[in-house]
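Chemist: Quick one: structure below, then a few questions.
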Amino acid sequence: MPDYPDHAAADVSELWKKRHTAAHVMAQAVLEIFPDAQLAIGPPIEDGFYYDFDLPRTLTPDDLADIEARMRRIQGENLPLTRSEKPREEALTWEREHGQSYKVELINDLPEGETISFYTQGPFTDLCRGPHVAGTGQIGVFKLDRVAGAYWRGDERRPQLQRIYGVLFDTPQELEEYYARLEEAKKRDHRVLGRQLGLFVFSDDIGSGIPLFLPKGEIVRHTMESYVRDVQTRYGYQHVWTGHLVKEELYKKSGHYDNYLDAMFPPLVDPDGPTFRLKPMNCPSHMTLFNAGLHSYRDLPLRYAEFATLYRYEKSGELNGLTRVRSLTQDDCHIFCTPDQIEGEFTLALRLIREVLQRYGFEDYRVRLSLRDENPDSKFVKDDERWVLATQALRNALEANNVQYFEAAGEAAFYGPKADFLTRDVLGREWQISTIQVDFIQPQRLGCQYIGEDSQPHTPVVLHRAVTGSTERFLGVLIEHYAGAFPTWLAPCRRSSCPSPTDTKNMPTAWPPDCARRASGRTWTGATKKSARRSPRRRCRRSPICWSSATATPPPGPSPSASAAAPTWARCRWTISSPA
Ligand SMILES: [Zn+2]
Ligand SMILES: [Zn+2]
C-alpha cells in the first residue's frame with residue numbers, strides 16, 4: 001500500500017524523497033482543479049512517481065498540461081513540508097470530513113499501535129509516512145508523462161481510478177537521457193522484435209500469457225538451455241525431470257498451498273482419485289526425488305537441476321510479452337547440503353551465475369539480500385532460530401565473496417532469506433535474473449534426511465538456485481539487450497549461403513569465410529582444395545541451420561545418406577551445442 005509505504009528499507013535516497021514529494025505536489029495541483037477528487041495512493045517509482053485519483057471525469061491532455069503548470073507554480077512557491085501525527089480516530093474523522101474514503105480504508109488497514117502521520121505543504125495535507133524533501137522547491141526536474149487506468153488495490157472488482165505518471169530526475173540532462181533511453185527501448189521492444197525475427201507468437205486460441213515458439217525461437221531457447229545445462233554439468237549438477245502435475249497434498253505439506261495459492265491455477269479434480277495441481281514450482285518435487293534414496297553425509301552436496309515448465313496464474317492485466325507469462329521454463333536447481341556446506345555451495349553458485357551472466361554480456365549487477373519483516377502477521381514461517389541461521393549463512397557467504405549487497409526487509413521467500421541478482425541491461429534498466437535462497441524449512445516439512453557422521457539422521461539444508469531465471473523472461477530481456485542482434489553463438493539465423501539439405505545441386509564449393517570460421521571455432525585461413533570440395537558439401541547436408549553456432553558440431557552417429565536427408569532437418573536443430 002504505497003502511499004503508506006514501508007520505508008524501513010535503507011534504499012530511501014534523496015531522489016526517492018524528491019519523487020515522493022512530487023507525488024504530493026501533483027495531488028495538491030489535482031485538488032485545485034477537482035476539489036472533490038478522491039486520492040488513493042501515490043508512491044515514488046523507478047524513474048519518477050505516480051498518484052491514483054478518483055475523478056469526476058476522464059482526464060484530457062490539456063488537463064495534464066494544466067496540472068503540470070500548477071505543479072511548477074507550487075515548486076516555485078517552495079512550500080515547506082511539515083509532519084504531524086494524529087491518533088487513529090482523529091485521523092479517520094479528518095479523512096472522512098475531507099471525503100477521502102480510500103484513505104479511510106488505508107488507515108483502517110494499518111496495524112494497531114502504528115503511528116499515523118500526515119505531511120502538510122501549504123493548503124494540502126496527505127496521509128503519509130514520509131520521508132520527504134524539506135520543501136516543494138526541491139523536487140527536481142519533472143515532466144508529467146501519461147494517464148493510465150488502475151484498479152484500486154489492483155483488484156478488478158474495485159473502482160477504476162486514473163493514474164497520472166510523472167518522470168523525475170535531479171537534472172534536465174538526466175531527464176533528457178531518460179527519454180532517449182525510452183526511444184531506444186521502444187525500438188528494442190521484444191514483443192515487436194520477436195514477431196519481426198520470427199521467434200515467437202501469442203495466440204488467442206491458445207490463451208494469453210502462453211508463448212508459442214517458432215522454429216527460430218526454439219533454436220535460441222534450446223541453445224540457451226543447453227549452454228546452461230553444460231555449465232551446470234561442469235559444476236557438478238545432475239539434471240532431473242519431474243513432470244507437470246503434482247498432487248495438491250504435497251503443496252499443503254510443503255507450505256506452498258498456504259503461501260502461494262494465488263499464483264496456482266485451479267485444481268484438477270479427478271472424481272475417482274487425488275486432486276492435482278499444475279506445477280508452479282519444483283522444490284517439493286526435487287525433495288521427493290531426494291527422499292527416493294538413502295543418503296549419507298558423504299553424498300552431499302547433491303545438486304538437482306531441471307529445465308522445468310511451470311504454470312503460474314498471472315492476472316491478464318499483468319501479462320507482458322515474454323517477461324510476464326503464465327507458462328515459464330525455469331532453470332531451477334536445488335542443492336541438498338549440510339549446514340557447514342552452505343558457504344561453499346553459495347560460493348560455487350555465485351561463480352556459476354557470474355560466469356553465465358558474463359557470457360550474455362551482463363557485467364554490471366548488484367545483490368539484494370531479501371529478508372523477512374518483523375510483522376507478526378506476515379507470511380514468513382515462524383522459526384526464529386532457523387531464520388537467523390539462514391540469514392547469517394547468506395551474509396557470511398556474500399561477505400566472504402566480496403559481493404556488495406543491500407538488504408530489503410519483507411522481500412524474502414516464505415521459507416527463508418534470498419540473494420537476488422539485479423542486472424542492468426545496455427539501456428541501464430535493472431532486471432532481477434538470478435537468485436540463491438537458503439531453506440531450512442521445506443526439507444524438514446517434507447521429511448528429507450541424511451545420515452550424518454554420527455550415524456544419526458539429520459535434515460539437510462536446501463539452496464534453491466536459478467541462474468537465468470526463466471528461459472522465456474530471460475529471452476525477452478536478451479532480445480532487448482541485444483536489440484535483436486544475437487551474438488553469433490546464440491543466433492538462430494539460417495545463412496542464405498547455406499542451401500537446403502535436399503538441394504544437392506547448389507552446394508557451395510567453398511564456405512563463406514565467416515561460416516567456416518564459426519563452424520570450426522577457429523579463425524578461418526582459407527579452405528584447402530580438398531576441404532573446399534568435400535567438407536562444405538557434407539556438413540551442409542547435415543546442418544543447414546547451425547552454422548551460426550560457435551561450436552556447431554555434426555550430430556553423433558553415422559552421416560545421413562542422401563535418402564535420409566529430410567530427417568536431418570530435425571536432427572540439425574540439436575547439433576547446436578553450447579559455446580566452449
Ligand atoms: Zn508521501
Ligand atoms: Zn525451489
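Identifiers in this document derive from the order of the C-alpha cells: chains are assigned A, B, ..., residues are numbered from 1 separately in each chain, and ligands are numbered from 1 in order of occurrence.
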Could you give me the residues within 10 Å of ligand 1, counting only C-alpha atoms and all ligand atoms, as a VMD selection string?

Modeler: chain A and resid 2 to 5 17 19 to 25 41 to 44 117 to 120 125 to 132

Chemist: Once you have the residues from the selection above, write them out as a PDB file, in the first residue's frame, restricted to C-alpha atoms.

Modeler:
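Heads up, here's the output in selection10.pdb:
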ATOM      1  CA  PRO A   2       2.346   2.523  -1.350  1.00  0.00           C
ATOM      2  CA  ASP A   3       1.233   5.884  -0.020  1.00  0.00           C
ATOM      3  CA  TYR A   4       1.671   4.494   3.381  1.00  0.00           C
ATOM      4  CA  PRO A   5       4.722   2.632   2.249  1.00  0.00           C
ATOM      5  CA  LYS A  17      12.335  11.613  -1.496  1.00  0.00           C
ATOM      6  CA  ARG A  19       9.894  11.716  -6.355  1.00  0.00           C
ATOM      7  CA  HIS A  20       7.736  11.019  -3.346  1.00  0.00           C
ATOM      8  CA  THR A  21       7.304  14.736  -2.640  1.00  0.00           C
ATOM      9  CA  ALA A  22       6.439  15.391  -6.281  1.00  0.00           C
ATOM     10  CA  ALA A  23       3.527  12.943  -5.930  1.00  0.00           C
ATOM     11  CA  HIS A  24       2.191  15.156  -3.104  1.00  0.00           C
ATOM     12  CA  VAL A  25       2.692  18.277  -5.221  1.00  0.00           C
ATOM     13  CA  ILE A  41      -2.071   6.120  -3.356  1.00  0.00           C
ATOM     14  CA  GLY A  42       0.931   7.990  -4.768  1.00  0.00           C
ATOM     15  CA  PRO A  43       4.306   6.318  -4.404  1.00  0.00           C
ATOM     16  CA  PRO A  44       7.713   7.081  -5.913  1.00  0.00           C
ATOM     17  CA  SER A 117       1.378  10.570  10.293  1.00  0.00           C
ATOM     18  CA  PHE A 118       0.444  13.333   7.846  1.00  0.00           C
ATOM     19  CA  TYR A 119       2.512  15.698   5.750  1.00  0.00           C
ATOM     20  CA  THR A 120       1.357  19.233   5.028  1.00  0.00           C
ATOM     21  CA  THR A 125      -2.299  17.656   3.756  1.00  0.00           C
ATOM     22  CA  ASP A 126      -1.872  13.964   2.970  1.00  0.00           C
ATOM     23  CA  LEU A 127      -1.680  10.763   4.973  1.00  0.00           C
ATOM     24  CA  CYS A 128       1.920   9.617   4.633  1.00  0.00           C
ATOM     25  CA  ARG A 129       4.783   8.040   6.494  1.00  0.00           C
ATOM     26  CA  GLY A 130       7.379  10.114   4.622  1.00  0.00           C
ATOM     27  CA  PRO A 131      10.182  10.921   4.386  1.00  0.00           C
ATOM     28  CA  HIS A 132      10.167  13.928   2.082  1.00  0.00           C
TER      29      HIS A 132
END

Chemist: At a cut-off of 12 Å around ligand 2, and using only C-alpha atoms and all ligand atoms, what residues come up? Please write them as an MDAnalysis selection string.

Modeler: chainID A and resid 254 256 279:287 303:306 308 310 330:336 413:416 418 435:443 461:466 469

Chemist: Selected residues, C-alpha atoms, written as a tab-separated table (two decimals), in the first residue's frame, please.

Modeler:
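Saved as part04.tsv:
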chain	number	residue	atom	x	y	z
A	254	SER	CA	5.46	-28.00	1.77
A	256	HIS	CA	3.14	-23.58	-0.87
A	279	LYS	CA	3.26	-27.48	-11.10
A	280	PRO	CA	4.03	-23.85	-10.13
A	281	MET	CA	7.46	-24.69	-8.66
A	282	ASN	CA	9.83	-27.64	-8.44
A	283	CYS	CA	11.06	-27.63	-4.86
A	284	PRO	CA	8.67	-30.27	-3.44
A	285	SER	CA	9.24	-32.50	-6.49
A	286	HIS	CA	13.01	-32.36	-6.10
A	287	MET	CA	12.72	-33.06	-2.39
A	303	ARG	CA	22.67	-30.79	-6.79
A	304	TYR	CA	19.49	-31.46	-8.75
A	305	ALA	CA	18.83	-29.23	-11.73
A	306	GLU	CA	15.87	-29.16	-14.11
A	308	ALA	CA	11.01	-27.34	-15.91
A	310	LEU	CA	5.89	-24.30	-14.67
A	330	GLN	CA	12.87	-22.25	-15.07
A	331	ASP	CA	16.49	-23.33	-14.93
A	332	ASP	CA	15.80	-24.44	-11.44
A	333	CYS	CA	18.13	-26.18	-9.08
A	334	HIS	CA	18.05	-27.50	-5.53
A	335	ILE	CA	21.25	-28.17	-3.66
A	336	PHE	CA	20.95	-30.51	-0.68
A	413	ALA	CA	10.59	-16.25	0.34
A	414	PHE	CA	8.23	-17.63	2.97
A	415	TYR	CA	10.74	-20.36	3.83
A	416	GLY	CA	13.93	-18.34	4.05
A	418	LYS	CA	17.45	-15.00	-0.51
A	435	THR	CA	18.58	-15.98	-7.22
A	436	ILE	CA	20.04	-18.12	-4.43
A	437	GLN	CA	17.77	-18.91	-1.48
A	438	VAL	CA	18.54	-20.71	1.76
A	439	ASP	CA	15.84	-23.02	3.07
A	440	PHE	CA	15.87	-24.75	6.44
A	441	ILE	CA	12.09	-25.15	6.48
A	442	GLN	CA	10.81	-27.14	3.48
A	443	PRO	CA	13.27	-30.05	3.72
A	461	VAL	CA	19.67	-27.55	4.15
A	462	VAL	CA	18.36	-26.80	0.66
A	463	LEU	CA	19.65	-23.98	-1.51
A	464	HIS	CA	17.18	-23.01	-4.24
A	465	ARG	CA	19.03	-21.53	-7.17
A	466	ALA	CA	18.04	-20.19	-10.59
A	469	GLY	CA	15.52	-17.45	-14.01

Chemist: List the spatial neighbours of range 227-236 of chain A as number ranges by chain - criterion: any atom at most 10 Å away, only C-alpha atoms, same-chain residues fewer than 3 positions off excluded.

Modeler: A: 221-224, 239, 301-307, 331, 333, 348-349, 351-353, 355-356, 359, 467-468, 489-490, 576-580

Chemist: With only C-alpha atoms as the counted atoms, please give the residues lying no more than 12 Å from Glu156 in chain A, apart from itself and same-chain residues fewer than 3 positions off, as a count of residues only.

Modeler: 12

Chemist: Near range 70-85 of chain A, counting only C-alpha atoms, which residues have an atom at most 8 Å away, once you skip same-chain residues fewer than 4 positions from it, shown as a PDB file with C-alpha atoms, in the first residue's frame?

Modeler:
ATOM      1  CA  VAL A  25       2.692  18.277  -5.221  1.00  0.00           C
ATOM      2  CA  MET A  26       0.735  16.628  -8.027  1.00  0.00           C
ATOM      3  CA  ALA A  29      -2.481  20.528  -8.117  1.00  0.00           C
ATOM      4  CA  ASP A  66      -2.684  22.345 -16.587  1.00  0.00           C
ATOM      5  CA  THR A 115       1.918   5.758  14.241  1.00  0.00           C
ATOM      6  CA  ILE A 116      -0.373   7.608  11.825  1.00  0.00           C
ATOM      7  CA  SER A 117       1.378  10.570  10.293  1.00  0.00           C
ATOM      8  CA  PHE A 118       0.444  13.333   7.846  1.00  0.00           C
ATOM      9  CA  TYR A 119       2.512  15.698   5.750  1.00  0.00           C
ATOM     10  CA  THR A 120       1.357  19.233   5.028  1.00  0.00           C
ATOM     11  CA  GLN A 121       2.562  21.706   2.405  1.00  0.00           C
ATOM     12  CA  GLY A 122       0.667  24.995   2.220  1.00  0.00           C
ATOM     13  CA  HIS A 132      10.167  13.928   2.082  1.00  0.00           C
ATOM     14  CA  VAL A 133      12.461  16.729   0.983  1.00  0.00           C
ATOM     15  CA  ALA A 134      12.193  19.885   3.107  1.00  0.00           C
ATOM     16  CA  GLY A 135      10.251  21.999   0.613  1.00  0.00           C
ATOM     17  CA  THR A 136       8.336  21.753  -2.654  1.00  0.00           C
ATOM     18  CA  GLY A 137      11.091  23.805  -4.314  1.00  0.00           C
ATOM     19  CA  GLN A 138      13.495  20.871  -4.016  1.00  0.00           C
ATOM     20  CA  ILE A 139      11.661  18.297  -6.077  1.00  0.00           C
TER      21      ILE A 139
END

Chemist: For Thr93 in chain A, please output as a VMD selection string all residues within 12 Å (counting only C-alpha atoms; exclusion window: fewer than 6 positions along the same chain).

Modeler: chain A and resid 86 to 87 99 to 101 103 to 104 107 to 108

Chemist: Just the selected residues (C-alpha atoms), exported as an mmCIF file, in the first residue's frame, please.

Modeler:
data_model
loop_
_atom_site.group_PDB
_atom_site.id
_atom_site.type_symbol
_atom_site.label_atom_id
_atom_site.label_comp_id
_atom_site.auth_asym_id
_atom_site.auth_seq_id
_atom_site.Cartn_x
_atom_site.Cartn_y
_atom_site.Cartn_z
ATOM 1 C CA LYS A 86 -2.899 12.005 14.752
ATOM 2 C CA PRO A 87 -4.463 9.302 16.904
ATOM 3 C CA GLY A 99 -14.427 12.858 1.822
ATOM 4 C CA GLN A 100 -11.352 10.675 1.346
ATOM 5 C CA SER A 101 -12.783 7.160 1.561
ATOM 6 C CA LYS A 103 -7.547 6.990 2.869
ATOM 7 C CA VAL A 104 -10.081 5.816 5.465
ATOM 8 C CA ILE A 107 -5.928 3.828 7.888
ATOM 9 C CA ASN A 108 -8.292 1.000 8.860
#

Chemist: Could you pull out all residues of range 208-324 of chain A with a DSSP call of strand (DSSP E) and give them as a list in words?

Modeler: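 Residues of range 208-324 of chain A classed as strand (DSSP E): Leu212, Phe213, Gln238, His239, Leu245, Val246, Lys247, Leu268, Val269, Thr275, Phe276, Arg277, Leu278, Leu302, Arg303, Tyr304, Ala305, Glu306, Phe307, Ala308, Thr309, Leu310 and Tyr311 of chain A.
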
Chemist: With only C-alpha atoms as the basis for distance, which of A:Leu300, A:Ile45, A:Val269, A:Leu168 is at the shortest distance from Tyr237 in chain A?

Modeler: A:Leu300
